[in-house]
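Q: The following file, model-v9.csv, comprises CSV, C-alpha atoms and all ligand atoms:
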chain,number,residue,atom,x,y,z
G,645,MET,CA,122.5,93.3,212.7
G,646,SER,CA,123.7,96.2,210.6
G,647,ASN,CA,127.4,96.4,209.8
G,648,ALA,CA,127.6,100.2,210.0
G,649,ILE,CA,126.2,103.3,211.5
G,650,THR,CA,122.6,103.8,210.3
G,651,PRO,CA,122.2,107.0,208.4
G,652,THR,CA,120.2,109.5,210.4
G,653,ARG,CA,118.1,111.0,207.5
G,654,PRO,CA,116.7,109.6,204.3
G,655,ASP,CA,118.8,112.0,202.3
G,656,ASP,CA,122.0,111.1,204.2
G,657,ALA,CA,124.1,108.3,202.7
G,658,GLY,CA,126.1,108.1,205.9
G,659,ARG,CA,129.9,107.9,206.3
G,660,VAL,CA,131.8,107.5,203.1
G,661,ALA,CA,135.4,106.1,203.2
G,662,VAL,CA,137.5,107.4,200.3
G,663,VAL,CA,140.1,104.6,200.2
G,664,VAL,CA,143.6,105.6,199.0
G,665,GLY,CA,144.4,102.4,197.1
G,666,SER,CA,148.1,102.6,196.3
G,667,THR,CA,150.9,102.9,198.8
G,668,ARG,CA,154.2,103.4,196.8
G,669,PRO,CA,156.5,106.4,197.3
G,670,ASN,CA,155.8,109.1,194.7
G,671,ARG,CA,152.2,107.8,194.3
G,672,ILE,CA,149.7,110.2,192.9
G,673,CYS,CA,146.8,108.3,194.6
G,674,GLY,CA,146.7,110.6,197.5
G,675,THR,CA,146.2,113.6,195.2
G,676,VAL,CA,143.5,111.9,193.2
G,677,ALA,CA,141.8,110.7,196.3
G,678,ALA,CA,141.8,114.1,198.0
G,679,TRP,CA,140.4,115.6,194.8
G,680,THR,CA,137.7,112.9,194.7
G,681,LEU,CA,136.8,113.6,198.3
G,682,ARG,CA,136.5,117.3,197.7
G,683,HIS,CA,134.1,116.8,194.9
G,684,LEU,CA,132.0,114.1,196.6
G,685,ALA,CA,131.8,116.2,199.8
G,686,ALA,CA,130.2,119.0,197.8
G,687,ASN,CA,127.1,116.9,198.3
G,688,ASP,CA,126.0,117.3,202.0
G,689,ALA,CA,124.5,113.8,202.0
G,690,LEU,CA,128.0,112.3,201.7
G,691,ARG,CA,130.1,112.6,204.8
G,692,CYS,CA,133.5,111.7,203.4
G,693,GLU,CA,136.9,110.8,205.1
G,694,LEU,CA,140.1,109.5,203.6
G,695,VAL,CA,141.2,106.0,204.5
G,696,ASP,CA,144.8,105.7,203.5
G,697,LEU,CA,146.1,102.1,203.1
G,698,ALA,CA,149.6,103.4,203.6
G,699,GLU,CA,148.6,104.5,207.1
G,700,ILE,CA,146.6,101.3,207.8
G,701,SER,CA,149.8,99.4,207.0
G,702,LEU,CA,148.4,95.9,207.0
G,703,PRO,CA,150.9,93.0,206.6
G,704,PHE,CA,150.1,90.3,204.0
G,705,LEU,CA,147.0,88.4,205.2
G,706,ASP,CA,148.2,86.6,208.3
G,707,GLU,CA,144.9,85.4,209.9
G,708,PRO,CA,144.9,81.7,210.6
G,709,LEU,CA,141.1,81.4,210.0
G,710,LYS,CA,139.3,82.5,206.9
G,711,PRO,CA,137.8,86.0,207.3
G,712,ALA,CA,134.2,84.8,206.6
G,713,LEU,CA,134.3,83.2,210.1
G,714,GLY,CA,134.9,86.6,211.6
G,715,ARG,CA,137.2,85.2,214.3
G,716,TYR,CA,140.1,87.5,214.1
G,717,GLU,CA,143.3,86.8,216.1
G,718,ARG,CA,145.4,89.8,215.1
G,719,GLU,CA,145.1,93.2,216.6
G,720,HIS,CA,145.6,94.9,213.3
G,721,THR,CA,142.7,92.9,211.8
G,722,ARG,CA,140.4,93.9,214.7
G,723,ARG,CA,141.3,97.5,214.2
G,724,TRP,CA,140.7,97.3,210.4
G,725,SER,CA,137.4,95.5,211.0
G,726,THR,CA,136.2,98.2,213.4
G,727,LEU,CA,137.2,101.0,211.0
G,728,VAL,CA,135.5,99.3,208.0
G,729,ARG,CA,132.3,98.7,210.0
G,730,SER,CA,132.1,102.4,210.9
G,731,TYR,CA,131.6,103.3,207.2
G,732,ASP,CA,128.4,103.0,205.2
G,733,VAL,CA,129.8,103.6,201.7
G,734,PHE,CA,133.2,103.0,200.1
G,735,VAL,CA,134.9,104.8,197.2
G,736,PHE,CA,138.0,103.0,196.1
G,737,VAL,CA,140.6,105.2,194.4
G,738,PHE,CA,143.4,103.2,192.7
G,739,PRO,CA,145.7,103.1,189.7
G,740,GLN,CA,145.8,100.4,187.1
G,741,TYR,CA,148.9,98.2,187.6
G,742,ASN,CA,149.6,95.8,184.7
G,743,TRP,CA,145.9,95.7,183.7
G,744,GLY,CA,144.8,94.9,187.3
G,745,TYR,CA,144.5,96.9,190.5
G,746,PRO,CA,147.1,97.2,193.3
G,747,ALA,CA,147.8,94.1,195.4
G,748,VAL,CA,147.7,96.2,198.5
G,749,LEU,CA,144.0,96.9,197.9
G,750,LYS,CA,143.2,93.2,197.3
G,751,ASN,CA,145.0,92.4,200.5
G,752,ALA,CA,143.0,95.0,202.5
G,753,LEU,CA,139.8,93.6,201.1
G,754,ASP,CA,140.7,90.0,201.7
G,755,PHE,CA,141.4,90.6,205.4
G,756,LEU,CA,137.6,91.0,206.1
G,757,TYR,CA,134.3,89.7,204.8
G,758,ALA,CA,131.0,90.5,206.5
G,759,GLU,CA,132.2,94.0,207.1
G,760,TRP,CA,131.9,94.8,203.4
G,761,HIS,CA,128.5,93.2,202.8
G,762,ASP,CA,125.7,95.3,201.3
G,763,LYS,CA,127.7,98.5,201.3
G,764,PRO,CA,127.5,100.7,198.1
G,765,ALA,CA,130.9,101.0,196.4
G,766,GLY,CA,132.2,103.4,193.8
G,767,MET,CA,135.5,103.2,192.0
G,768,VAL,CA,137.9,105.9,190.8
G,769,SER,CA,140.5,104.3,188.6
G,770,TYR,CA,143.3,106.0,186.7
G,771,GLY,CA,145.9,105.1,184.1
G,772,THR,CA,146.8,106.1,180.5
G,773,ARG,CA,143.4,104.8,179.3
G,774,GLY,CA,141.5,105.4,182.5
G,775,GLY,CA,142.3,102.2,184.3
G,776,GLY,CA,139.1,100.4,183.1
G,777,LYS,CA,140.7,97.0,183.1
G,778,GLY,CA,141.7,97.3,186.7
G,779,ALA,CA,138.2,98.6,187.6
G,780,ALA,CA,136.5,95.6,185.8
G,781,GLN,CA,138.6,93.2,187.9
G,782,LEU,CA,137.9,95.1,191.2
G,783,ARG,CA,134.2,95.2,190.4
G,784,GLU,CA,134.0,91.4,190.3
G,785,VAL,CA,135.8,91.2,193.6
G,786,LEU,CA,133.5,93.7,195.2
G,787,GLN,CA,130.5,91.6,194.0
G,788,GLY,CA,132.2,88.6,195.5
G,789,LEU,CA,132.3,90.4,198.8
G,790,HIS,CA,128.5,91.2,198.4
G,791,MET,CA,129.1,94.9,198.1
G,792,ARG,CA,126.9,96.9,195.8
G,793,PRO,CA,129.1,98.5,193.2
G,794,VAL,CA,127.4,101.4,191.4
G,795,ASP,CA,127.4,101.8,187.6
G,796,ASP,CA,128.7,105.3,187.5
G,797,ASN,CA,132.4,105.0,188.1
G,798,VAL,CA,135.2,107.5,187.3
G,799,GLU,CA,138.0,106.6,184.9
G,800,VAL,CA,140.7,109.3,184.9
G,801,LYS,CA,143.1,109.3,181.9
G,802,ILE,CA,146.6,110.4,183.0
G,803,THR,CA,148.7,111.3,179.9
G,804,ALA,CA,152.5,111.7,179.8
G,805,ALA,CA,152.0,115.4,179.6
G,806,ASP,CA,150.2,115.4,183.0
G,807,VAL,CA,153.3,114.1,184.9
G,808,ASP,CA,156.9,115.0,185.7
G,809,ASP,CA,159.9,112.8,185.3
G,810,VAL,CA,159.1,110.8,188.5
G,811,GLY,CA,155.4,110.4,187.5
G,812,ARG,CA,153.9,113.1,189.8
G,813,LEU,CA,151.0,115.2,188.5
G,814,VAL,CA,152.4,118.6,187.4
G,815,ALA,CA,149.0,120.4,187.6
G,816,PRO,CA,146.5,118.2,189.3
G,817,GLU,CA,143.5,120.5,189.0
G,818,THR,CA,144.0,120.9,185.3
G,819,ALA,CA,144.6,117.2,184.7
G,820,LEU,CA,141.6,116.1,186.8
G,821,ARG,CA,139.1,118.8,185.8
G,822,PRO,CA,137.7,116.9,182.8
G,823,PHE,CA,136.5,114.1,185.2
G,824,VAL,CA,134.6,116.2,187.8
G,825,ASP,CA,131.2,115.5,186.2
G,826,GLN,CA,132.0,111.7,186.5
G,827,VAL,CA,132.5,112.2,190.2
G,828,HIS,CA,129.2,114.0,190.6
G,829,ALA,CA,127.4,111.2,188.7
G,830,MET,CA,129.1,108.6,190.9
G,831,ALA,CA,127.9,110.6,194.0
G,832,ASP,CA,124.3,110.4,192.7
G,833,GLY,CA,124.7,106.7,192.1
G,834,LEU,CA,126.0,106.1,195.6
G,835,LEU,CA,123.1,108.1,197.1
G,836,ALA,CA,120.6,106.1,195.0
G,837,ALA,CA,122.2,102.8,196.2
G,838,SER,CA,122.1,104.0,199.8
G,839,ALA,CA,118.5,104.9,199.5
G,840,ASP,CA,117.8,101.4,198.0
G,841,GLY,CA,119.6,99.8,200.9
G,842,GLN,CA,117.5,101.8,203.5
G,843,LEU,CA,114.3,100.6,201.9
G,844,GLY,CA,115.3,96.9,202.3
T,1,LIG,C1,153.6,98.4,188.8
T,1,LIG,C2,153.0,99.4,187.8
T,1,LIG,C3,152.2,98.9,186.8
T,1,LIG,C4,151.6,99.8,185.9
T,1,LIG,N1,150.7,99.4,185.0
T,1,LIG,C5,149.9,100.2,184.2
T,1,LIG,C6,148.9,99.8,183.4
T,1,LIG,O1,148.6,98.6,183.2
T,1,LIG,N2,148.2,100.7,182.7
T,1,LIG,C7,148.5,102.1,182.8
T,1,LIG,O2,147.8,102.9,182.2
T,1,LIG,N3,149.4,102.5,183.7
T,1,LIG,C8,150.2,101.6,184.4
T,1,LIG,N4,151.1,102.1,185.2
T,1,LIG,C9,151.3,103.5,185.3
T,1,LIG,C10,150.5,104.1,186.5
T,1,LIG,O3,149.2,104.4,186.0
T,1,LIG,C11,151.1,105.4,187.0
T,1,LIG,O4,152.4,105.1,187.4
T,1,LIG,C12,150.3,105.9,188.2
T,1,LIG,O5,150.9,107.1,188.7
T,1,LIG,C13,150.4,104.8,189.4
T,1,LIG,O6,149.6,105.3,190.5
T,1,LIG,P1,150.3,105.7,191.8
T,1,LIG,O7,151.3,106.8,191.5
T,1,LIG,O8,149.2,106.2,192.7
T,1,LIG,O9,151.0,104.4,192.4
T,1,LIG,C14,151.8,101.2,186.1
T,1,LIG,C15,152.6,101.6,187.1
T,1,LIG,C16,153.2,100.7,188.0
T,1,LIG,C17,154.0,101.3,189.2
Just give me the structure of the file as structure tokens.
Ligand SMILES: Cc1cc2nc3c(=O)[nH]c(=O)nc-3n(C[C@H](O)[C@H](O)[C@H](O)COP(=O)(O)O)c2cc1C
A:
Amino acid sequence: MSNAITPTRPDDAGRVAVVVGSTRPNRICGTVAAWTLRHLAANDALRCELVDLAEISLPFLDEPLKPALGRYEREHTRRWSTLVRSYDVFVFVFPQYNWGYPAVLKNALDFLYAEWHDKPAGMVSYGTRGGGKGAAQLREVLQGLHMRPVDDNVEVKITAADVDDVGRLVAPETALRPFVDQVHAMADGLLAASADGQLG
């Protein structure tokens, strides 16, 4: 049984969740995610929506049974499961925190299991050097969840000159423009991965 809505056309990768992967006040993740969505959505085959973990507002994992069993007791888990099942492709947008990725994102992933299986996944990381260390860690976790991470990911370098005194992007379009081509390459990778999945 498929996890998600089956794409209706061969050139349609289906519903894409652009996950806002940090939740702290003053975060720039919402800005980076909205920018990512806009450039992904330039491709008609990707029907993108934001999924903001701040709005999902999951507690720390509180299910009595391991998620691989799929027997959820908590209403918030059932809601999260239904939402994740409704998407065909995931793009995780997240900062690097201390060489890793945000705990809130790991928690959201750990709540579920089969819901993630076989789905193509892209990553948009950011940090002073592009957040590659966090992305490498997340990639392993996505593989553990049997997702299909694409090779073309986006690493956005945010310099001190790009942010104000509380760390918010001063001129987001200017700061992010050098990375637009990477988003388009990731879109192509996601489409190719979706097409592979439909052959199987
Ligand atoms: C807890 C924490 C750890 C951080 N660790 C790193 C790091 O390892 N490398 C890096 O380049 N930036 C690091 N930063 C800076 C973040 O990249 C920067 O604050 C970014 O805006 C965080 O994303 P957010 O605003 O969406 O939360 C860290 C920031 C925080 C809050």
Q: Out of G:Leu753, G:Ala836, G:Val807, G:Ala765, which residue has the shortest atom-to-atom distance to Pro711 (chain G) when counting all atoms listed in the file?
A: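 Going through G:Leu753, G:Ala836, G:Val807, G:Ala765 one by one, the smallest distance to Pro711 (chain G) is for G:Leu753.
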Q: Go through G:Gly788, G:Pro822, G:Gly776, G:Gly833 and flag the residue nearest Tyr741 (chain G), using all atoms listed in the file for the distances.
A: G:Gly776
Q: List every residue of chain G that has an atom at most 10 Å from any atom of ligand LIG 1 (chain T), giving for each one its closest atom pair and the distance in Å to one decimal, counting all atoms listed in the file, sorted by chain and then by ascending residue number, as CSV.
A:
residue,atom,partner,partner_atom,distance
G:Val664,CA,T:LIG1,O8,8.5
G:Gly665,CA,T:LIG1,O8,7.5
G:Ser666,CA,T:LIG1,O9,5.2
G:Thr667,CA,T:LIG1,O9,6.6
G:Arg668,CA,T:LIG1,O9,5.5
G:Pro669,CA,T:LIG1,O9,7.6
G:Asn670,CA,T:LIG1,O7,6.0
G:Arg671,CA,T:LIG1,O7,3.1
G:Ile672,CA,T:LIG1,O7,4.0
G:Cys673,CA,T:LIG1,O8,3.7
G:Gly674,CA,T:LIG1,O8,7.0
G:Thr675,CA,T:LIG1,O8,8.4
G:Val676,CA,T:LIG1,O8,8.1
G:Ala677,CA,T:LIG1,O8,9.4
G:Val737,CA,T:LIG1,O8,8.8
G:Phe738,CA,T:LIG1,O8,6.5
G:Pro739,CA,T:LIG1,O6,4.5
G:Gln740,CA,T:LIG1,C6,4.9
G:Tyr741,CA,T:LIG1,N1,3.4
G:Asn742,CA,T:LIG1,O1,3.3
G:Trp743,CA,T:LIG1,O1,4.0
G:Gly744,CA,T:LIG1,O1,6.7
G:Tyr745,CA,T:LIG1,O1,8.5
G:Pro746,CA,T:LIG1,C1,8.0
G:Ala747,CA,T:LIG1,C1,9.8
G:Ser769,CA,T:LIG1,O3,9.1
G:Tyr770,CA,T:LIG1,O3,6.2
G:Gly771,CA,T:LIG1,O2,3.5
G:Thr772,CA,T:LIG1,O2,3.8
G:Arg773,CA,T:LIG1,O2,5.6
G:Gly774,CA,T:LIG1,O2,6.8
G:Gly775,CA,T:LIG1,O2,5.9
G:Gly776,CA,T:LIG1,O2,9.1
G:Lys777,CA,T:LIG1,O1,8.1
G:Gly778,CA,T:LIG1,O1,7.8
G:Val800,CA,T:LIG1,O3,9.9
G:Lys801,CA,T:LIG1,O2,7.9
G:Ile802,CA,T:LIG1,O3,7.2
G:Thr803,CA,T:LIG1,O2,8.8
G:Ala804,CA,T:LIG1,C11,9.7
G:Val807,CA,T:LIG1,O5,8.3
G:Val810,CA,T:LIG1,O4,8.9
G:Gly811,CA,T:LIG1,O5,5.7
G:Arg812,CA,T:LIG1,O5,6.8
G:Leu813,CA,T:LIG1,O5,8.1
Q: Measuring between only C-alpha atoms, which one of G:Asp840, G:Asp754, G:Asp809, G:Glu799 shows the shortest distance to Val824 (chain G)?
A: G:Glu799
Q: Determine the nearest neighbour of Glu817 (chain G) from the options G:Glu784, G:Lys710, G:Asp762, G:His683, counting all atoms listed in the file.
A: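 Residue with the minimum atom-to-atom distance to Glu817 (chain G): G:His683.
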Q: Quick one: of G:Leu834, G:Val662, G:Val827, G:Val748, who's nearest to Val794 (chain G), counting all atoms listed in the file?
A: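 Under the stated criterion, the closest residue is G:Leu834.
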Q: Residues of region 728-822 of chain G within 10 Å of region 686-694 of chain G: nearest atom pair and distance (Å, one decimal) for each, counting only C-alpha atoms, sorted by chain and number, as a tab-separated table?
A:
residue	atom	partner	partner_atom	distance
G:Tyr731	CA	G:Cys692	CA	9.4
G:Asp732	CA	G:Arg691	CA	9.8
G:Val733	CA	G:Leu690	CA	8.9
G:Phe734	CA	G:Cys692	CA	9.3
G:Val735	CA	G:Cys692	CA	9.4
Q: From the set G:Ala805, G:Leu684, G:Ala752, G:Glu719, which residue has the shortest atom-to-atom contact distance to Thr818 (chain G), counting all atoms listed in the file?
A: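 Closest candidate: G:Ala805.
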Q: So the first atom is CA of His790 (chain G) and the second is CA of Ala678 (chain G); what is the distance between them in Å, to one decimal place?
A: 26.5 Å
